[in-house]
$ cat target.csv   # CSV, C-alpha atoms
chain,number,residue,atom,x,y,z
A,1,VAL,CA,-19.9,-83.9,88.5
A,2,CYS,CA,-21.5,-84.8,91.9
A,3,ASP,CA,-23.7,-81.7,92.2
A,4,GLU,CA,-27.0,-82.2,90.4
A,5,SER,CA,-27.8,-78.5,90.2
A,6,ALA,CA,-24.3,-77.9,88.7
A,7,ARG,CA,-24.9,-80.6,86.1
A,8,LYS,CA,-28.1,-79.0,85.0
A,9,LEU,CA,-26.7,-75.5,84.5
A,10,SER,CA,-27.0,-74.0,81.0
A,11,ASN,CA,-23.9,-73.2,79.0
A,12,ASP,CA,-24.3,-69.5,79.8
A,13,ALA,CA,-24.6,-70.1,83.5
A,14,ARG,CA,-21.6,-72.5,83.5
A,15,SER,CA,-19.6,-69.8,81.5
A,16,ALA,CA,-20.5,-67.2,84.2
A,17,VAL,CA,-19.2,-69.4,87.0
A,18,ALA,CA,-16.0,-70.4,85.2
A,19,SER,CA,-15.3,-66.8,84.1
A,20,TYR,CA,-15.6,-65.7,87.8
A,21,PHE,CA,-12.6,-67.9,88.7
A,22,GLU,CA,-10.6,-67.2,85.5
A,23,VAL,CA,-7.7,-64.9,85.7
A,24,ASP,CA,-6.0,-63.6,82.5
A,25,LEU,CA,-2.4,-64.5,83.2
A,26,GLY,CA,-1.1,-63.4,79.8
A,27,SER,CA,1.1,-65.7,77.7
A,28,GLU,CA,4.6,-66.0,76.4
A,29,LYS,CA,3.6,-63.8,73.4
A,30,ASN,CA,1.4,-61.4,75.3
A,31,LYS,CA,2.7,-60.6,78.8
A,32,ASN,CA,0.6,-57.4,79.2
A,33,PHE,CA,-1.3,-58.9,82.2
A,34,HIS,CA,-2.3,-56.6,85.1
A,35,ILE,CA,-4.6,-57.2,88.0
A,36,THR,CA,-7.3,-54.5,88.4
A,37,SER,CA,-7.6,-52.4,91.5
A,38,PRO,CA,-9.1,-52.8,94.0
A,39,VAL,CA,-8.0,-56.5,94.2
A,40,HIS,CA,-10.9,-58.9,94.4
A,41,PRO,CA,-11.0,-60.7,97.8
A,42,THR,CA,-10.9,-64.1,96.1
A,43,LEU,CA,-7.5,-63.1,94.5
A,44,SER,CA,-6.2,-61.7,97.8
A,45,ARG,CA,-7.0,-65.1,99.4
A,46,ALA,CA,-5.5,-67.0,96.5
A,47,TYR,CA,-2.3,-64.9,96.9
A,48,ARG,CA,-2.0,-65.8,100.6
A,49,VAL,CA,-2.3,-69.5,99.7
A,50,LEU,CA,-0.1,-69.5,96.7
A,51,GLU,CA,2.8,-67.3,97.7
A,52,PRO,CA,4.3,-69.8,100.2
A,53,GLU,CA,4.2,-72.4,97.5
A,54,PHE,CA,5.8,-70.0,95.0
A,55,VAL,CA,8.7,-69.3,97.5
A,56,LYS,CA,9.1,-73.0,98.2
A,57,ASP,CA,8.8,-74.5,94.7
A,58,VAL,CA,9.4,-71.7,92.1
A,59,LEU,CA,12.2,-69.5,93.5
A,60,PRO,CA,14.9,-72.1,94.4
A,61,GLU,CA,17.1,-74.0,92.1
A,62,GLU,CA,15.3,-77.2,93.0
A,63,GLY,CA,12.1,-75.7,91.4
A,64,HIS,CA,11.9,-73.3,88.5
A,65,GLY,CA,15.0,-71.5,89.9
A,66,ILE,CA,13.9,-68.0,89.0
A,67,MET,CA,16.0,-66.5,91.7
A,68,SER,CA,18.8,-69.1,91.9
A,69,SER,CA,21.4,-67.3,89.8
A,70,ARG,CA,22.1,-63.9,88.4
A,71,LYS,CA,21.0,-64.9,85.0
A,72,MET,CA,17.6,-66.0,86.4
A,73,TRP,CA,17.0,-63.1,88.8
A,74,THR,CA,18.0,-60.6,86.1
A,75,LYS,CA,15.3,-62.1,83.8
A,76,LEU,CA,12.8,-61.7,86.7
A,77,LEU,CA,13.8,-58.1,87.5
A,78,THR,CA,13.2,-57.1,83.9
A,79,THR,CA,9.5,-57.8,84.4
A,80,LEU,CA,9.3,-55.0,87.0
A,81,PRO,CA,7.5,-51.8,86.0
A,82,GLU,CA,9.9,-49.3,84.4
A,83,SER,CA,9.6,-47.0,87.4
A,84,CYS,CA,11.2,-49.8,89.6
A,85,MET,CA,14.4,-50.1,87.6
A,86,SER,CA,16.3,-48.1,90.3
A,87,VAL,CA,15.3,-50.8,92.9
A,88,ALA,CA,16.3,-53.6,90.4
A,89,ASP,CA,19.7,-52.1,89.7
A,90,LYS,CA,20.4,-51.6,93.4
A,91,LEU,CA,19.4,-55.1,94.4
A,92,ASP,CA,21.3,-56.7,91.4
A,93,LYS,CA,24.5,-55.1,92.6
A,94,LYS,CA,23.9,-56.1,96.2
A,95,TRP,CA,23.0,-59.7,95.4
A,96,GLN,CA,26.2,-60.2,93.4
A,97,LYS,CA,28.2,-59.4,96.5
A,98,GLU,CA,26.3,-61.6,99.0
A,99,ASN,CA,25.2,-65.1,99.2
A,100,SER,CA,21.5,-64.7,100.2
A,101,THR,CA,18.9,-67.4,99.5
A,102,PRO,CA,16.1,-67.0,96.9
A,103,ARG,CA,13.6,-66.7,99.7
A,104,GLU,CA,15.6,-63.8,101.2
A,105,LYS,CA,16.0,-62.1,97.8
A,106,TRP,CA,12.2,-62.3,97.3
A,107,VAL,CA,11.5,-60.7,100.7
A,108,GLU,CA,14.1,-58.0,100.0
A,109,LEU,CA,12.7,-57.3,96.5
A,110,LYS,CA,9.1,-57.0,97.8
A,111,LYS,CA,10.4,-54.6,100.6
A,112,GLY,CA,12.3,-52.5,98.1
A,113,ILE,CA,9.4,-51.9,95.7
A,114,MET,CA,6.9,-51.4,98.5
A,115,THR,CA,9.2,-48.8,100.0
A,116,LEU,CA,9.3,-47.1,96.6
A,117,ILE,CA,5.5,-46.5,96.8
A,118,GLY,CA,5.5,-45.7,100.5
A,119,LYS,CA,3.9,-48.9,101.7
A,120,THR,CA,6.4,-49.8,104.4
A,121,GLY,CA,6.7,-48.2,107.8
A,122,HIS,CA,7.2,-44.4,107.5
A,123,ALA,CA,8.6,-44.5,104.0
A,124,LYS,CA,7.3,-41.8,101.7
A,125,ALA,CA,6.3,-42.7,98.1
A,126,GLN,CA,8.5,-41.4,95.3
A,127,LYS,CA,6.9,-38.1,94.2
A,128,ASN,CA,7.1,-38.5,90.5
A,129,LEU,CA,5.0,-41.7,90.4
A,130,SER,CA,1.5,-41.6,89.0
A,131,ASN,CA,-1.3,-43.5,90.7
A,132,SER,CA,-1.4,-46.0,87.9
A,133,GLU,CA,2.3,-46.7,88.3
A,134,ARG,CA,1.9,-47.1,92.0
A,135,VAL,CA,-0.8,-49.7,91.4
A,136,LYS,CA,1.3,-51.6,88.9
A,137,ILE,CA,4.2,-51.7,91.4
A,138,GLU,CA,2.0,-52.8,94.3
A,139,HIS,CA,0.4,-55.6,92.3
A,140,TRP,CA,3.7,-56.9,90.7
A,141,PRO,CA,4.4,-59.5,93.4
A,142,MET,CA,0.9,-60.9,93.2
A,143,GLU,CA,0.9,-60.9,89.4
A,144,THR,CA,4.3,-62.7,89.4
A,145,VAL,CA,3.1,-65.4,91.9
A,146,PHE,CA,-0.1,-65.9,89.9
A,147,ARG,CA,1.8,-66.2,86.6
A,148,TYR,CA,3.7,-69.3,88.0
A,149,THR,CA,1.1,-70.8,90.3
A,150,TYR,CA,-2.5,-69.7,89.8
A,151,PRO,CA,-4.6,-72.6,88.3
A,152,ARG,CA,-5.2,-72.2,84.6
A,153,LEU,CA,-8.7,-73.1,83.7
A,154,ASP,CA,-9.6,-74.5,80.3
A,155,ILE,CA,-12.5,-72.1,80.0
A,156,ASN,CA,-14.1,-73.7,76.9
A,157,VAL,CA,-14.1,-77.1,78.5
A,158,SER,CA,-15.5,-75.7,81.8
A,159,LYS,CA,-18.5,-73.8,80.2
A,160,MET,CA,-19.8,-76.4,77.7
A,161,GLN,CA,-22.1,-79.2,78.8
A,162,ASN,CA,-20.7,-81.7,76.3
A,163,HIS,CA,-17.4,-81.5,78.2
A,164,LEU,CA,-19.0,-81.9,81.6
A,165,LEU,CA,-18.0,-85.4,82.4
A,166,LYS,CA,-14.8,-87.3,82.0
A,167,SER,CA,-15.5,-90.7,83.6
A,168,PRO,CA,-13.0,-92.4,85.9
A,169,PHE,CA,-11.4,-95.4,84.4
A,170,CYS,CA,-12.0,-94.3,80.8
A,171,VAL,CA,-9.1,-94.9,78.4
A,172,HIS,CA,-7.1,-92.1,76.8
A,173,PRO,CA,-7.5,-92.5,73.1
A,174,LYS,CA,-3.8,-91.6,72.3
A,175,THR,CA,-1.8,-93.2,75.1
A,176,GLY,CA,-4.1,-96.1,75.9
A,177,ARG,CA,-3.6,-95.2,79.6
A,178,VAL,CA,-6.5,-95.7,82.0
A,179,CYS,CA,-7.7,-92.6,83.8
A,180,VAL,CA,-7.4,-93.6,87.5
A,181,PRO,CA,-8.5,-91.3,90.3
A,182,ILE,CA,-5.7,-89.5,92.2
A,183,GLU,CA,-5.7,-89.7,95.9
A,184,VAL,CA,-5.5,-86.2,97.4
A,185,ASP,CA,-3.4,-87.2,100.3
A,186,SER,CA,-0.7,-88.6,98.0
A,187,ALA,CA,-1.1,-86.4,95.0
A,188,ASP,CA,2.6,-85.3,95.1
A,189,CYS,CA,3.7,-89.0,94.7
A,190,PHE,CA,1.4,-89.7,91.7
A,191,ASP,CA,3.3,-90.9,88.6
A,192,PRO,CA,1.2,-90.5,85.4
A,193,PHE,CA,3.6,-92.8,83.6
A,194,ALA,CA,2.9,-95.6,86.1
A,195,VAL,CA,-0.8,-95.7,85.2
A,196,PRO,CA,-1.7,-99.0,83.6
A,197,THR,CA,-2.5,-99.1,79.8
A,198,LEU,CA,-5.2,-101.1,78.2
A,199,ALA,CA,-2.7,-103.5,76.7
A,200,GLN,CA,-1.1,-104.0,80.1
A,201,LEU,CA,-4.5,-104.8,81.7
A,202,MET,CA,-5.3,-107.4,79.0
A,203,THR,CA,-1.9,-109.0,79.6
A,204,GLU,CA,-2.5,-109.1,83.4
A,205,LEU,CA,-6.0,-110.6,82.9
A,206,ASP,CA,-4.6,-113.3,80.6
A,207,ASP,CA,-1.8,-114.0,83.1
A,208,TYR,CA,-4.2,-114.3,86.0
A,209,GLU,CA,-6.6,-116.7,84.2
A,210,ALA,CA,-3.6,-118.8,82.9
A,211,GLU,CA,-2.5,-119.3,86.5
A,212,ASN,CA,-5.8,-119.4,88.3
A,213,GLY,CA,-8.3,-120.4,85.7
A,214,LYS,CA,-11.4,-118.4,84.6
A,215,ASP,CA,-13.1,-117.6,87.9
A,216,GLU,CA,-16.4,-115.8,87.1
A,217,SER,CA,-17.0,-115.1,90.8
A,218,ILE,CA,-14.4,-112.4,90.7
A,219,GLU,CA,-14.8,-109.3,88.6
A,220,ASP,CA,-12.2,-108.9,85.8
A,221,TRP,CA,-10.9,-105.6,87.3
A,222,GLN,CA,-10.1,-107.5,90.5
A,223,LYS,CA,-7.6,-109.6,88.6
A,224,THR,CA,-5.5,-106.6,87.4
A,225,SER,CA,-3.6,-103.6,88.7
A,226,LEU,CA,-6.9,-101.6,88.7
A,227,LYS,CA,-7.9,-103.5,91.8
A,228,GLY,CA,-6.3,-101.0,94.2
A,229,PRO,CA,-7.5,-97.7,92.5
A,230,PHE,CA,-11.0,-99.1,92.0
A,231,GLU,CA,-11.4,-100.3,95.6
A,232,ASN,CA,-10.1,-97.0,96.9
A,233,PHE,CA,-12.5,-95.1,94.5
A,234,GLN,CA,-15.4,-97.1,95.9
A,235,LYS,CA,-14.5,-96.6,99.5
A,236,LYS,CA,-13.6,-92.9,99.4
A,237,PHE,CA,-15.9,-91.6,96.7
A,238,LEU,CA,-18.7,-93.8,95.5
A,239,LYS,CA,-19.9,-95.0,99.0
A,240,PRO,CA,-19.9,-91.5,100.6
A,241,LEU,CA,-21.7,-90.2,97.5
A,242,LEU,CA,-24.3,-92.9,97.7
A,243,ASP,CA,-24.8,-92.3,101.4
A,244,GLU,CA,-25.3,-88.6,100.8
A,245,GLU,CA,-27.9,-89.3,98.0
A,246,ARG,CA,-29.8,-91.6,100.3
A,247,ARG,CA,-29.9,-88.9,103.0
A,248,ILE,CA,-31.3,-86.4,100.5
A,249,LEU,CA,-34.0,-88.9,99.3
$ encode --input "target.csv" --output "structure tokens"
Amino acid sequence: VCDESARKLSNDARSAVASYFEVDLGSEKNKNFHITSPVHPTLSRAYRVLEPEFVKDVLPEEGHGIMSSRKMWTKLLTTLPESCMSVADKLDKKWQKENSTPREKWVELKKGIMTLIGKTGHAKAQKNLSNSERVKIEHWPMETVFRYTYPRLDINVSKMQNHLLKSPFCVHPKTGRVCVPIEVDSADCFDPFAVPTLAQLMTELDDYEAENGKDESIEDWQKTSLKGPFENFQKKFLKPLLDEERRIL
């Protein structure tokens, strides 16, 4: 939105850029999703960024809980390549007898399947595995992490010029909520249901003018709960953007 050259890209050029970042993560109906080899450096970097978040927010019971109970880890183990079932059976029996954390189970699972393909220490790969099976096994942790954490792009919105701009402070047509900018530093605390609605703002404006009179020296937004978000938007986004444009000119 702030890059003039990006705004002027054709639909084909926009599609090319968006497609570069898109990863086919499959779906509930079609789970036949596999990362090609060799892995693109962008995906390798994304994996290094996303795996710690996956371990922290997806594995434990407080998150998705996919390794928090036998029912959940059994479901995850069934997504392993068929040639890994010996590892899955061994770990399932082991985990039933011990009280390891989801994080520890994930580390143990990765070590088990990497050992199977000879990727840990002096371990030798299982001889009856084909190259394609080895690749599937090696990529399984990355594919699993991506399935839960990799950003899903709305490719059609990203590549069409008529979808380019969604203005801050516009009103959602169904909910009536105002689209307020999210502060990056406090994004985890953002509550979408606390965002003011158009009806709420009208009430706040009426209440302010009933108590203080109609003061035309103050903008209407300053009399409502939009005051904070708008002033923050001016300070952290509009002013730096204007300063940058002035430097270019």
$ residues_near_point --input "target.csv" --point "(0.5, -55.9, 87.9)" --cutoff "9 Å" --atoms "all atoms listed in the file" --output "count of residues only"
17
$ residues_around --input "target.csv" --residues "Cys179 of chain A" --least-positions-apart "2" --cutoff "10 Å" --atoms "all atoms listed in the file" --output "ChimeraX atom specification"
/A:166-172,176-177,181-182,192,195-197
$ atom_distance --input "target.csv" --atom1 "atom CA of Ser100 of chain A" --atom2 "atom CA of Lys119 of chain A"
23.7 Å
$ closest_atom_pairs --input "target.csv" --of "segment 59-105 of chain A" --to "segment 146-160 of chain A" --cutoff "12 Å" --atoms "only C-alpha atoms" --output "tab-separated table"
residue	atom	partner	partner_atom	distance
A:Leu59	CA	A:Tyr148	CA	10.1
A:Gly63	CA	A:Tyr148	CA	11.1
A:His64	CA	A:Tyr148	CA	9.1
A:Gly65	CA	A:Tyr148	CA	11.7
A:Ile66	CA	A:Tyr148	CA	10.3
A:Leu76	CA	A:Arg147	CA	11.9
A:Thr79	CA	A:Arg147	CA	11.6
$ residues_around --input "target.csv" --residues "Leu91 of chain A" --least-positions-apart "2" --cutoff "9 Å" --atoms "only C-alpha atoms" --output "list in words"
Ser86, Val87, Ala88, Asp89, Lys93, Lys94, Trp95, Gln96, Lys105, Glu108, Leu109 and Gly112 of chain A
$ closest_residue --input "target.csv" --among "A:Ser83, A:Thr101, A:Thr74, A:Asn232" --to "Glu61 of chain A" --atoms "only C-alpha atoms"
A:Thr101
$ atom_distance --input "target.csv" --atom1 "atom CA of Ser69 of chain A" --atom2 "atom CA of Met85 of chain A"
18.7 Å
$ axis_aligned_box --input "target.csv" --around "segment 176-194 of chain A" --padding-each-side "3 Å" --output "lines of an AutoDock Vina configuration file"
center_x = -2.4
center_y = -90.7
center_z = 88.1
size_x = 18.2
size_y = 16.8
size_z = 30.4
$ decode --input "target.csv" --residues "segment 136-233 of chain A" --atoms "C-alpha atoms" --output "mmCIF file, in the first residue's frame"
data_model
loop_
_atom_site.group_PDB
_atom_site.id
_atom_site.type_symbol
_atom_site.label_atom_id
_atom_site.label_comp_id
_atom_site.auth_asym_id
_atom_site.auth_seq_id
_atom_site.Cartn_x
_atom_site.Cartn_y
_atom_site.Cartn_z
ATOM 1 C CA LYS A 136 9.220 -37.467 2.392
ATOM 2 C CA ILE A 137 10.466 -38.510 5.824
ATOM 3 C CA GLU A 138 13.047 -35.729 6.002
ATOM 4 C CA HIS A 139 10.486 -33.089 5.038
ATOM 5 C CA TRP A 140 7.696 -34.344 7.316
ATOM 6 C CA PRO A 141 8.622 -32.127 10.335
ATOM 7 C CA MET A 142 8.752 -29.028 8.140
ATOM 8 C CA GLU A 143 5.465 -29.880 6.408
ATOM 9 C CA THR A 144 3.805 -30.450 9.778
ATOM 10 C CA VAL A 145 5.040 -27.140 11.182
ATOM 11 C CA PHE A 146 3.939 -25.292 8.041
ATOM 12 C CA ARG A 147 0.505 -26.899 8.067
ATOM 13 C CA TYR A 148 -0.177 -25.304 11.451
ATOM 14 C CA THR A 149 1.806 -22.068 11.312
ATOM 15 C CA TYR A 150 2.755 -20.940 7.796
ATOM 16 C CA PRO A 151 0.823 -17.794 6.753
ATOM 17 C CA ARG A 152 -2.020 -18.639 4.383
ATOM 18 C CA LEU A 153 -2.273 -16.080 1.610
ATOM 19 C CA ASP A 154 -5.539 -15.252 -0.110
ATOM 20 C CA ILE A 155 -3.900 -15.465 -3.494
ATOM 21 C CA ASN A 156 -6.840 -14.006 -5.427
ATOM 22 C CA VAL A 157 -6.983 -10.949 -3.191
ATOM 23 C CA SER A 158 -3.212 -10.531 -3.384
ATOM 24 C CA LYS A 159 -2.948 -10.590 -7.166
ATOM 25 C CA MET A 160 -5.904 -8.414 -8.240
ATOM 26 C CA GLN A 161 -5.568 -4.623 -8.332
ATOM 27 C CA ASN A 162 -9.164 -4.051 -7.300
ATOM 28 C CA HIS A 163 -8.332 -5.730 -3.959
ATOM 29 C CA LEU A 164 -5.189 -3.677 -3.415
ATOM 30 C CA LEU A 165 -6.370 -1.298 -0.727
ATOM 31 C CA LYS A 166 -8.464 -1.809 2.378
ATOM 32 C CA SER A 167 -8.465 1.570 4.066
ATOM 33 C CA PRO A 168 -7.889 1.937 7.807
ATOM 34 C CA PHE A 169 -11.017 3.034 9.657
ATOM 35 C CA CYS A 170 -13.408 1.735 7.007
ATOM 36 C CA VAL A 171 -16.513 -0.058 8.328
ATOM 37 C CA HIS A 172 -17.067 -3.784 7.897
ATOM 38 C CA PRO A 173 -20.357 -4.144 6.000
ATOM 39 C CA LYS A 174 -21.632 -7.110 8.039
ATOM 40 C CA THR A 175 -20.479 -6.448 11.595
ATOM 41 C CA GLY A 176 -20.453 -2.644 11.508
ATOM 42 C CA ARG A 177 -17.064 -2.714 13.257
ATOM 43 C CA VAL A 178 -14.450 -0.127 12.362
ATOM 44 C CA CYS A 179 -11.171 -1.462 10.936
ATOM 45 C CA VAL A 180 -8.647 -0.019 13.374
ATOM 46 C CA PRO A 181 -4.888 -0.487 12.856
ATOM 47 C CA ILE A 182 -3.236 -3.119 15.057
ATOM 48 C CA GLU A 183 -0.144 -2.100 16.990
ATOM 49 C CA VAL A 184 2.614 -4.604 16.241
ATOM 50 C CA ASP A 185 4.096 -4.396 19.741
ATOM 51 C CA SER A 186 0.792 -5.387 21.350
ATOM 52 C CA ALA A 187 -0.703 -7.576 18.621
ATOM 53 C CA ASP A 188 -1.094 -10.532 21.015
ATOM 54 C CA CYS A 189 -3.390 -8.428 23.196
ATOM 55 C CA PHE A 190 -5.619 -7.241 20.352
ATOM 56 C CA ASP A 191 -9.296 -8.107 20.894
ATOM 57 C CA PRO A 192 -11.295 -7.904 17.639
ATOM 58 C CA PHE A 193 -14.540 -7.905 19.594
ATOM 59 C CA ALA A 194 -13.533 -4.756 21.479
ATOM 60 C CA VAL A 195 -13.285 -2.775 18.255
ATOM 61 C CA PRO A 196 -15.914 0.001 18.182
ATOM 62 C CA THR A 197 -18.943 -0.326 15.931
ATOM 63 C CA LEU A 198 -20.476 2.451 13.884
ATOM 64 C CA ALA A 199 -23.526 2.504 16.166
ATOM 65 C CA GLN A 200 -21.273 2.763 19.230
ATOM 66 C CA LEU A 201 -19.396 5.719 17.735
ATOM 67 C CA MET A 202 -22.639 7.529 16.956
ATOM 68 C CA THR A 203 -23.745 7.053 20.555
ATOM 69 C CA GLU A 204 -20.380 8.275 21.887
ATOM 70 C CA LEU A 205 -20.582 11.345 19.659
ATOM 71 C CA ASP A 206 -24.110 12.147 20.833
ATOM 72 C CA ASP A 207 -23.107 11.643 24.482
ATOM 73 C CA TYR A 208 -20.077 13.934 24.119
ATOM 74 C CA GLU A 209 -22.061 16.734 22.514
ATOM 75 C CA ALA A 210 -24.895 16.370 25.041
ATOM 76 C CA GLU A 211 -22.374 16.883 27.849
ATOM 77 C CA ASN A 212 -19.985 19.384 26.223
ATOM 78 C CA GLY A 213 -22.008 21.015 23.474
ATOM 79 C CA LYS A 214 -21.173 20.985 19.772
ATOM 80 C CA ASP A 215 -17.543 22.083 19.659
ATOM 81 C CA GLU A 216 -16.517 22.477 16.000
ATOM 82 C CA SER A 217 -12.899 23.176 16.955
ATOM 83 C CA ILE A 218 -12.536 19.473 17.762
ATOM 84 C CA GLU A 219 -12.811 16.782 15.079
ATOM 85 C CA ASP A 220 -15.655 14.304 15.550
ATOM 86 C CA TRP A 221 -13.256 11.337 15.839
ATOM 87 C CA GLN A 222 -11.582 13.047 18.799
ATOM 88 C CA LYS A 223 -14.869 12.833 20.696
ATOM 89 C CA THR A 224 -15.082 9.026 20.405
ATOM 90 C CA SER A 225 -13.116 5.865 21.219
ATOM 91 C CA LEU A 226 -11.382 6.209 17.841
ATOM 92 C CA LYS A 227 -9.228 8.984 19.309
ATOM 93 C CA GLY A 228 -6.541 6.618 20.609
ATOM 94 C CA PRO A 229 -6.216 4.404 17.499
ATOM 95 C CA PHE A 230 -6.291 7.383 15.137
ATOM 96 C CA GLU A 231 -3.669 9.406 17.004
ATOM 97 C CA ASN A 232 -1.431 6.359 17.215
ATOM 98 C CA PHE A 233 -1.933 5.765 13.466
#
